[in-house]
>>> print(open('protein19.txt').read())   # compact mmCIF, C-alpha atoms
# COMPACT_ATOMS: atom_id res chain seq x y z
CA MET A 9 -16.83 -10.48 14.56
CA LEU A 10 -16.89 -12.48 11.32
CA TRP A 11 -18.50 -9.58 9.43
CA LEU A 12 -15.85 -7.22 10.72
CA LYS A 13 -13.07 -9.66 9.83
CA ALA A 14 -14.49 -10.16 6.35
CA PHE A 15 -14.75 -6.39 5.77
CA HIS A 16 -11.20 -5.93 7.07
CA ILE A 17 -9.87 -8.59 4.70
CA VAL A 18 -11.64 -6.97 1.73
CA MET A 19 -10.14 -3.59 2.66
CA VAL A 20 -6.66 -5.11 3.07
CA VAL A 21 -6.88 -6.81 -0.33
CA SER A 22 -8.08 -3.59 -1.94
CA TRP A 23 -5.36 -1.48 -0.33
CA PHE A 24 -2.68 -3.94 -1.40
CA ALA A 25 -4.04 -3.97 -4.95
CA GLY A 26 -3.39 -0.23 -5.03
CA LEU A 27 0.04 -0.60 -3.42
CA PHE A 28 0.96 -3.20 -6.03
CA TYR A 29 -0.35 -1.29 -9.05
CA LEU A 30 0.63 2.31 -8.28
CA PRO A 31 4.39 1.64 -8.39
CA ARG A 32 3.85 -0.28 -11.65
CA ILE A 33 2.39 2.92 -13.07
CA PHE A 34 5.48 4.69 -11.73
CA VAL A 35 7.68 2.24 -13.66
CA ASN A 36 5.87 3.22 -16.85
CA LEU A 37 5.97 6.92 -16.02
CA ALA A 38 9.73 6.72 -15.46
CA MET A 39 10.16 5.21 -18.94
CA GLU A 40 7.65 7.40 -20.80
CA SER A 41 8.91 10.17 -23.10
CA HIS A 42 5.67 11.11 -24.91
CA ASP A 43 3.68 13.84 -23.18
CA VAL A 44 0.23 12.44 -24.05
CA ALA A 45 1.05 8.99 -22.69
CA TYR A 46 2.77 10.50 -19.65
CA ASP A 47 -0.30 12.61 -18.87
CA ARG A 48 -2.60 9.58 -19.20
CA LEU A 49 -0.43 7.51 -16.86
CA LEU A 50 -0.27 10.41 -14.43
CA LEU A 51 -4.07 10.67 -14.45
CA MET A 52 -4.31 6.93 -13.73
CA ALA A 53 -1.83 7.24 -10.86
CA ARG A 54 -3.68 10.22 -9.35
CA LYS A 55 -7.05 8.46 -9.50
CA LEU A 56 -5.63 5.27 -8.04
CA TYR A 57 -3.92 7.09 -5.16
CA ARG A 58 -7.11 9.04 -4.40
CA PHE A 59 -9.08 5.78 -4.48
CA VAL A 60 -6.79 3.71 -2.24
CA THR A 61 -6.16 6.37 0.40
CA PRO A 62 -9.66 6.07 1.94
CA ILE A 63 -9.33 2.30 1.63
CA MET A 64 -6.13 2.51 3.69
CA TRP A 65 -8.07 4.39 6.39
CA LEU A 66 -10.89 1.79 6.33
CA THR A 67 -8.26 -0.94 6.65
CA LEU A 68 -6.74 0.81 9.66
CA ILE A 69 -10.11 1.48 11.29
CA THR A 70 -11.38 -2.08 10.90
CA GLY A 71 -8.02 -3.50 11.94
CA SER A 72 -7.93 -1.30 15.05
CA TRP A 73 -11.49 -2.30 15.88
CA LEU A 74 -10.56 -5.98 15.61
CA TRP A 75 -7.44 -5.46 17.68
CA LEU A 76 -9.13 -3.55 20.48
CA ALA A 77 -12.21 -5.76 20.60
CA TYR A 78 -10.77 -9.23 20.20
CA PHE A 79 -7.03 -9.49 20.66
CA PRO A 80 -5.13 -9.21 23.94
CA LEU A 81 -2.14 -6.87 24.07
CA SER A 82 0.14 -9.77 25.01
CA MET A 83 0.14 -11.28 21.50
CA ASN A 84 3.68 -10.58 20.28
CA TRP A 85 2.95 -11.61 16.68
CA LEU A 86 0.38 -8.83 16.58
CA TRP A 87 2.96 -6.23 17.63
CA ALA A 88 5.24 -7.42 14.83
CA LYS A 89 2.31 -7.11 12.41
CA LEU A 90 1.60 -3.58 13.63
CA VAL A 91 5.21 -2.58 12.93
CA LEU A 92 4.81 -3.89 9.38
CA VAL A 93 1.49 -2.03 9.00
CA ALA A 94 3.19 1.18 10.16
CA GLY A 95 5.79 0.57 7.45
CA LEU A 96 3.01 0.15 4.88
CA ILE A 97 1.49 3.45 5.93
CA GLY A 98 4.89 5.04 5.37
CA TYR A 99 5.17 3.29 1.99
CA HIS A 100 1.73 4.62 1.04
CA HIS A 101 2.84 8.16 1.86
CA VAL A 102 6.11 7.71 -0.04
CA CYS A 103 3.99 6.72 -3.04
CA GLY A 104 2.13 10.01 -2.61
CA LYS A 105 5.45 11.86 -2.56
CA ARG A 106 6.63 10.06 -5.70
CA LEU A 107 3.33 10.92 -7.38
CA ARG A 108 3.83 14.62 -6.58
CA GLN A 109 7.34 14.39 -8.06
CA PHE A 110 5.93 12.91 -11.27
CA GLU A 111 3.29 15.67 -11.35
CA ALA A 112 6.07 18.24 -11.11
CA ARG A 113 8.06 16.24 -13.70
CA GLU A 114 10.92 15.99 -11.22
CA ASN A 115 11.29 12.23 -10.86
CA PRO A 116 14.82 11.43 -9.61
CA HIS A 117 14.58 7.63 -10.07
CA THR A 118 14.87 5.19 -12.96
CA HIS A 119 12.31 2.59 -13.96
CA VAL A 120 14.63 -0.06 -12.48
CA TRP A 121 14.49 1.68 -9.09
CA PHE A 122 10.69 1.61 -9.26
CA ARG A 123 10.73 -2.08 -10.18
CA TRP A 124 12.57 -2.77 -6.91
CA PHE A 125 10.38 -0.29 -5.00
CA ASN A 126 7.37 -2.24 -6.27
CA GLU A 127 8.56 -5.39 -4.47
CA ILE A 128 8.36 -3.89 -0.97
CA PRO A 129 4.61 -4.45 -0.42
CA VAL A 130 4.93 -8.03 -1.73
CA ILE A 131 7.50 -8.84 0.95
CA VAL A 132 5.49 -7.07 3.66
CA LEU A 133 2.30 -8.90 2.64
CA LEU A 134 4.07 -12.24 2.85
CA ALA A 135 5.40 -11.41 6.32
CA ILE A 136 2.00 -10.21 7.56
CA VAL A 137 0.16 -13.27 6.26
CA LEU A 138 2.73 -15.59 7.87
CA LEU A 139 2.42 -13.73 11.18
CA VAL A 140 -1.38 -13.81 11.16
CA VAL A 141 -1.72 -17.45 10.10
CA LEU A 142 1.19 -19.02 11.99
CA LYS A 143 1.26 -16.72 15.06
CA PRO A 144 4.89 -17.77 15.64
CA PHE A 145 5.31 -15.94 18.96
>>> encode(input="protein19.txt", output="structure tokens")
Amino acid sequence: MLWLKAFHIVMVVSWFAGLFYLPRIFVNLAMESHDVAYDRLLLMARKLYRFVTPIMWLTLITGSWLWLAYFPLSMNWLWAKLVLVAGLIGYHHVCGKRLRQFEARENPHTHVWFRWFNEIPVIVLLAIVLLVVLKPF
């Protein structure tokens, strides 16, 4: 179980690294007016999204394995965590949608909007860590 937990934690950290950095690239894309710099940032965003998507799946697989093997269904804190994880999956897919908009050069948002958008995974991470460590209910 400890190996599985350790692997899950590494996958979670890696996924969150992508969820923190990708919207930061979006901030820069939203401000960029030079085509060469825009294309370079777009390439970085594409590569990062392609890299963290399989990591998201490994996070979900290892987390599901831990849940099914070691945690009873009656743990309410775990259900709250799963709701937050579902939100993160949605956030990940919204990032993919925003990336496609940047690829089409049809971004409807300002860099300020992306600065706020970038804070969502920080708040979710804080909530998940508090739920897992404190198990408040």
>>> residues_around(input="protein19.txt", residues="range 30-33 of chain A", least_positions_apart="2", cutoff="9 Å", atoms="all atoms listed in the file", output="list in words")
Ala25, Gly26, Leu27, Phe28, Val35, Asn36, Leu37, Ala38, Leu49, Leu50, Met52, Ala53, Leu56, Tyr57, Cys103, Phe122, Arg123, Phe125 and Asn126 of chain A
>>> residues_around(input="protein19.txt", residues="Asn115 in chain A", least_positions_apart="3", cutoff="10 Å", atoms="only C-alpha atoms", output="ChimeraX atom specification")
/A:34,37-38,106-112,118
>>> closest_residue(input="protein19.txt", among="A:Thr61, A:Leu12, A:Val18, A:Met39", to="Leu96 in chain A", atoms="all atoms listed in the file")
A:Thr61
>>> atom_distance(input="protein19.txt", atom1="CA of His100 in chain A", atom2="CA of Ile63 in chain A")
11.3 Å
>>> atom_distance(input="protein19.txt", atom1="CA of Trp87 in chain A", atom2="CA of Leu142 in chain A")
14.1 Å
>>> closest_residue(input="protein19.txt", among="A:Leu76, A:Val60, A:Leu51, A:Leu90", to="Val20 in chain A", atoms="only C-alpha atoms")
A:Val60
>>> closest_residue(input="protein19.txt", among="A:Ala45, A:Ala14, A:Leu74, A:Val21", to="Val130 in chain A", atoms="only C-alpha atoms")
A:Val21
>>> atom_distance(input="protein19.txt", atom1="CA of Glu40 in chain A", atom2="CA of Arg113 in chain A")
11.3 Å
>>> axis_aligned_box(input="protein19.txt", around="range 121-134 of chain A", padding_each_side="6 Å", output="AutoDock Vina command-line options")
--center_x 8.4 --center_y -5.3 --center_z -3.3 --size_x 24.2 --size_y 25.9 --size_z 25.8
>>> residues_around(input="protein19.txt", residues="Ile97 in chain A", least_positions_apart="2", cutoff="12 Å", atoms="only C-alpha atoms", output="list in words")
Trp23, Phe24, Leu27, Val60, Thr61, Ile63, Met64, Trp65, Thr67, Leu68, Leu90, Val91, Leu92, Val93, Ala94, Gly95, Tyr99, His100, His101, Val102, Cys103, Gly104, Pro129 and Val132 of chain A
>>> decode(input="protein19.txt", residues="range 53-139 of chain A", atoms="C-alpha atoms", output="PDB file, in the first residue's frame")
ATOM      1  CA  ALA A  53       1.370  24.997 -23.646  1.00  0.00           C
ATOM      2  CA  ARG A  54       0.669  22.167 -26.106  1.00  0.00           C
ATOM      3  CA  LYS A  55       3.580  20.076 -24.857  1.00  0.00           C
ATOM      4  CA  LEU A  56       2.656  20.653 -21.234  1.00  0.00           C
ATOM      5  CA  TYR A  57      -0.991  19.718 -21.788  1.00  0.00           C
ATOM      6  CA  ARG A  58       0.016  16.568 -23.682  1.00  0.00           C
ATOM      7  CA  PHE A  59       2.426  15.696 -20.860  1.00  0.00           C
ATOM      8  CA  VAL A  60       0.042  16.217 -17.929  1.00  0.00           C
ATOM      9  CA  THR A  61      -2.993  14.514 -19.464  1.00  0.00           C
ATOM     10  CA  PRO A  62      -1.572  10.977 -19.024  1.00  0.00           C
ATOM     11  CA  ILE A  63      -0.405  12.022 -15.559  1.00  0.00           C
ATOM     12  CA  MET A  64      -4.001  12.977 -14.744  1.00  0.00           C
ATOM     13  CA  TRP A  65      -5.091   9.467 -15.783  1.00  0.00           C
ATOM     14  CA  LEU A  66      -2.340   7.853 -13.663  1.00  0.00           C
ATOM     15  CA  THR A  67      -3.465   9.997 -10.732  1.00  0.00           C
ATOM     16  CA  LEU A  68      -7.054   8.856 -11.192  1.00  0.00           C
ATOM     17  CA  ILE A  69      -6.096   5.196 -11.616  1.00  0.00           C
ATOM     18  CA  THR A  70      -3.855   5.082  -8.545  1.00  0.00           C
ATOM     19  CA  GLY A  71      -6.370   7.088  -6.519  1.00  0.00           C
ATOM     20  CA  SER A  72      -9.199   4.748  -7.519  1.00  0.00           C
ATOM     21  CA  TRP A  73      -7.056   1.749  -6.664  1.00  0.00           C
ATOM     22  CA  LEU A  74      -6.330   3.191  -3.219  1.00  0.00           C
ATOM     23  CA  TRP A  75      -9.987   4.029  -2.692  1.00  0.00           C
ATOM     24  CA  LEU A  76     -11.330   0.636  -3.707  1.00  0.00           C
ATOM     25  CA  ALA A  77      -8.644  -1.352  -1.908  1.00  0.00           C
ATOM     26  CA  TYR A  78      -8.244   0.515   1.354  1.00  0.00           C
ATOM     27  CA  PHE A  79     -10.987   3.006   2.126  1.00  0.00           C
ATOM     28  CA  PRO A  80     -14.554   2.179   3.168  1.00  0.00           C
ATOM     29  CA  LEU A  81     -17.384   3.918   1.329  1.00  0.00           C
ATOM     30  CA  SER A  82     -18.636   5.426   4.588  1.00  0.00           C
ATOM     31  CA  MET A  83     -15.805   7.992   4.818  1.00  0.00           C
ATOM     32  CA  ASN A  84     -17.582  11.278   4.109  1.00  0.00           C
ATOM     33  CA  TRP A  85     -14.361  13.284   3.783  1.00  0.00           C
ATOM     34  CA  LEU A  86     -13.438  11.024   0.886  1.00  0.00           C
ATOM     35  CA  TRP A  87     -16.698  11.815  -0.926  1.00  0.00           C
ATOM     36  CA  ALA A  88     -15.975  15.524  -0.527  1.00  0.00           C
ATOM     37  CA  LYS A  89     -12.485  14.930  -1.930  1.00  0.00           C
ATOM     38  CA  LEU A  90     -13.938  13.038  -4.894  1.00  0.00           C
ATOM     39  CA  VAL A  91     -16.212  15.989  -5.695  1.00  0.00           C
ATOM     40  CA  LEU A  92     -13.154  18.253  -5.716  1.00  0.00           C
ATOM     41  CA  VAL A  93     -11.251  15.774  -7.917  1.00  0.00           C
ATOM     42  CA  ALA A  94     -14.184  15.746 -10.357  1.00  0.00           C
ATOM     43  CA  GLY A  95     -13.922  19.539 -10.438  1.00  0.00           C
ATOM     44  CA  LEU A  96     -10.195  19.268 -11.195  1.00  0.00           C
ATOM     45  CA  ILE A  97     -10.917  16.930 -14.089  1.00  0.00           C
ATOM     46  CA  GLY A  98     -13.325  19.544 -15.416  1.00  0.00           C
ATOM     47  CA  TYR A  99     -10.701  22.260 -14.889  1.00  0.00           C
ATOM     48  CA  HIS A 100      -8.173  20.160 -16.802  1.00  0.00           C
ATOM     49  CA  HIS A 101     -10.580  19.864 -19.734  1.00  0.00           C
ATOM     50  CA  VAL A 102     -11.368  23.590 -19.615  1.00  0.00           C
ATOM     51  CA  CYS A 103      -7.617  24.178 -19.916  1.00  0.00           C
ATOM     52  CA  GLY A 104      -7.689  22.010 -23.040  1.00  0.00           C
ATOM     53  CA  LYS A 105     -10.543  24.109 -24.420  1.00  0.00           C
ATOM     54  CA  ARG A 106      -8.661  27.343 -23.675  1.00  0.00           C
ATOM     55  CA  LEU A 107      -5.591  25.891 -25.386  1.00  0.00           C
ATOM     56  CA  ARG A 108      -7.624  25.147 -28.523  1.00  0.00           C
ATOM     57  CA  GLN A 109      -8.917  28.737 -28.448  1.00  0.00           C
ATOM     58  CA  PHE A 110      -5.356  30.058 -28.297  1.00  0.00           C
ATOM     59  CA  GLU A 111      -4.398  27.734 -31.166  1.00  0.00           C
ATOM     60  CA  ALA A 112      -7.236  29.210 -33.218  1.00  0.00           C
ATOM     61  CA  ARG A 113      -6.211  32.693 -32.010  1.00  0.00           C
ATOM     62  CA  GLU A 114      -9.712  33.200 -30.646  1.00  0.00           C
ATOM     63  CA  ASN A 115      -9.014  33.828 -26.969  1.00  0.00           C
ATOM     64  CA  PRO A 116     -11.975  35.712 -25.437  1.00  0.00           C
ATOM     65  CA  HIS A 117     -10.309  36.450 -22.064  1.00  0.00           C
ATOM     66  CA  THR A 118      -7.802  38.956 -20.725  1.00  0.00           C
ATOM     67  CA  HIS A 119      -4.591  38.150 -18.895  1.00  0.00           C
ATOM     68  CA  VAL A 120      -6.310  39.296 -15.681  1.00  0.00           C
ATOM     69  CA  TRP A 121      -9.028  36.675 -16.172  1.00  0.00           C
ATOM     70  CA  PHE A 122      -6.341  34.010 -16.554  1.00  0.00           C
ATOM     71  CA  ARG A 123      -4.590  35.237 -13.406  1.00  0.00           C
ATOM     72  CA  TRP A 124      -7.801  34.529 -11.476  1.00  0.00           C
ATOM     73  CA  PHE A 125      -8.388  31.270 -13.373  1.00  0.00           C
ATOM     74  CA  ASN A 126      -4.902  30.209 -12.285  1.00  0.00           C
ATOM     75  CA  GLU A 127      -5.912  30.392  -8.609  1.00  0.00           C
ATOM     76  CA  ILE A 128      -8.603  27.696  -8.844  1.00  0.00           C
ATOM     77  CA  PRO A 129      -6.268  24.674  -8.516  1.00  0.00           C
ATOM     78  CA  VAL A 130      -4.480  26.335  -5.580  1.00  0.00           C
ATOM     79  CA  ILE A 131      -7.743  26.580  -3.650  1.00  0.00           C
ATOM     80  CA  VAL A 132      -8.767  23.039  -4.600  1.00  0.00           C
ATOM     81  CA  LEU A 133      -5.365  21.660  -3.560  1.00  0.00           C
ATOM     82  CA  LEU A 134      -5.645  23.352  -0.176  1.00  0.00           C
ATOM     83  CA  ALA A 135      -9.124  21.904   0.353  1.00  0.00           C
ATOM     84  CA  ILE A 136      -8.047  18.395  -0.701  1.00  0.00           C
ATOM     85  CA  VAL A 137      -4.973  18.390   1.539  1.00  0.00           C
ATOM     86  CA  LEU A 138      -7.054  19.581   4.511  1.00  0.00           C
ATOM     87  CA  LEU A 139      -9.651  16.873   3.858  1.00  0.00           C
TER      88      LEU A 139
END
